[in-house]
Amino acid sequence: MEKKTVVLSYRRSLFIALAVWTFLVSMAALLYWNDQTRQIVSLAKNTAKTALNKDFATRSWTILHGGVYVPIDTITPPSPYLSHVPERDIQTPLGQQLTLMNSSYVLRQMMENYGTLYGEKTRISALKPLNPSNKATAWEEKALRYLGANPKKTDFYELEQKKSGTYLRMMIPMFTDKSCLKCHNPSENKIGEIRGGIDISVPLAAFAKMTRETLIHTYGWLGLIWFLGLGAIIAASKIIRNKAFQLYAKEIEKIKNYQSMLSLVIELIDKRDSYTAGHSQRVAYYSEIIARAMYHDESIVKKIKEAAILHDVGKIAIPDSILLKPGILTPIEKDLIYYHLTAGYDLLS
Ligand code: HEC
């Protein structure tokens, strides 16, 4: 491997490590964001439920007293829907005119006049209302139908996108019982069916503002941790890279030593046998040319060239008397000469 390749592969690993770290930190940030968003919704849900429960408490209180008498004025005229109730309108001994307000009337008036006091809007509605102004809107109708079909559900809620921001809208159902039929038409209202409901719209902005601060705080820390992590990864990779370069330099040194040893051995063999001097070098030279033509792959060519240079190394094991014998070799001497193949193999393995 060349030094350039080593540097490149380390750069790549460093880049991958940094990318993985950044990805992990971003995931943590995203999860936290999700968690906070869920928190906002759950806070808004609680607020909605609390506000609606308070409305129900007012309703129960009014029902407990069988309605309340209030002075008649333009805001509170006698209810035409209570005209069947005896003593709907009465007069105090001093002549003050009073009219009866039942729970739904009280609730509607409270909602109409003070519904937005806390930034939340409440409304009472029904699919078949006694008072037409209580007719369910499209969203209320959807909520009432859902709650009617799922009587076990205690509420229905959805997030609504408006021009002024995101709202959580929640509806709590009211079911018809025997007592309701005194004023609500029995032919239109069946016991156990959904009679209507109260719904509320809670703006999420206030809760978002609350969580924004914790979000900024946490993201600050997360950013710092990310930054420190980057530093640690870069420092660690520098240390590893330096170590790798040292190892690489050692390896190069080894290869150089091996190569100089090789040429030494080859020189020795060639010097000993003047008869075949330069033979190994020439075999290596031709092997290299042939290998290159056949394989093209430089690493194979290099291996073949090295093998060719060493192919006669076994000659070291042949005594001079045979190796340099001028005359014809006896069969035994021939066998000994052939032995240089095995000797070479043993030597190199
Ligand atoms: C004393 C008579 C009376 C009784 C009893 C009564 N209501 Fe009503 N209800 C009314 C009147 C009057 C209105 C219209 C109030 C308004 O908006 O002016 C009304 C309105 C409502 C509304 C709003 C939608 C609409 O129809 O206008 C709901 C929902 C409702 N009542 C549910 C109930 C339930 C549930 C019961 C039984 C638990 C019940 N009411 C018992 C008189 C009564």
# chains A, B, ... in the order shown; residues from 1 in each chain; ligands from 1
>>> residues_near_ligand(ligand="ligand 1", cutoff="9 Å", atoms="only C-alpha atoms and all ligand atoms", output="count of residues only")
50
>>> select_by_dssp(residues="region 123-335 of chain A", states="strand (DSSP E or B)", output="PyMOL selection string")
chain A and resi 123-126+135+156-162+165-175+194-203
>>> write_last_selection(atoms="C-alpha atoms", output="short mmCIF file (atom, residue, chain, number, x, y, z; two decimals), in the first residue's frame")
data_model
loop_
_atom_site.label_atom_id
_atom_site.label_comp_id
_atom_site.auth_asym_id
_atom_site.auth_seq_id
_atom_site.Cartn_x
_atom_site.Cartn_y
_atom_site.Cartn_z
CA ARG A 123 -68.82 26.20 23.31
CA ILE A 124 -71.81 23.98 24.04
CA SER A 125 -73.42 22.29 21.04
CA ALA A 126 -75.65 19.48 19.85
CA LYS A 135 -76.02 23.90 16.30
CA PHE A 156 -62.15 13.62 21.51
CA TYR A 157 -59.33 15.95 20.54
CA GLU A 158 -57.45 17.15 17.46
CA LEU A 159 -54.80 19.71 16.57
CA GLU A 160 -56.17 22.57 14.49
CA GLN A 161 -54.12 24.87 12.31
CA LYS A 162 -55.45 28.41 12.30
CA GLY A 165 -51.39 29.43 15.29
CA THR A 166 -51.94 25.83 16.29
CA TYR A 167 -54.78 24.94 18.65
CA LEU A 168 -55.75 21.83 20.53
CA ARG A 169 -59.49 21.36 20.29
CA MET A 170 -61.22 18.99 22.68
CA MET A 171 -64.82 17.88 23.10
CA ILE A 172 -66.35 16.24 26.18
CA PRO A 173 -69.68 14.48 25.56
CA MET A 174 -73.01 14.75 27.42
CA PHE A 175 -75.41 11.82 27.27
CA ILE A 194 -75.26 11.51 22.92
CA ARG A 195 -77.18 14.74 23.62
CA GLY A 196 -74.33 17.10 22.84
CA GLY A 197 -71.05 18.24 24.24
CA ILE A 198 -68.80 21.05 25.36
CA ASP A 199 -65.68 21.80 23.38
CA ILE A 200 -62.69 24.01 23.91
CA SER A 201 -59.84 25.38 21.77
CA VAL A 202 -56.54 25.79 23.59
CA PRO A 203 -53.75 27.73 21.83
#
>>> atom_distance(atom1="CA of Val313 (chain A)", atom2="CA of His279 (chain A)")
11.6 Å
>>> select_by_dssp(residues="region 11-121 of chain A", states="helix (DSSP H, G or I)", output="ChimeraX atom specification")
/A:11-64,80-82,103-114
>>> residues_around(residues="Gly314 (chain A)", least_positions_apart="2", cutoff="8 Å", atoms="only C-alpha atoms", output="list in words")
His311, Asp312, Ile316, Ala317, Ile318, Tyr339, His340, Leu341, Thr342, Ala343, Gly344, Tyr345 and Leu347 of chain A
>>> closest_residue(among="A:Ile72, A:Arg282, A:Ala244, A:Leu310", to="Ile266 (chain A)", atoms="only C-alpha atoms")
A:Leu310
>>> closest_residue(among="A:Ile225, A:Arg88, A:His65, A:Lys209", to="Thr22 (chain A)", atoms="only C-alpha atoms")
A:Ile225
>>> closest_residue(among="A:Ala17, A:Ile322, A:Ile289, A:Leu100", to="Tyr69 (chain A)", atoms="only C-alpha atoms")
A:Leu100
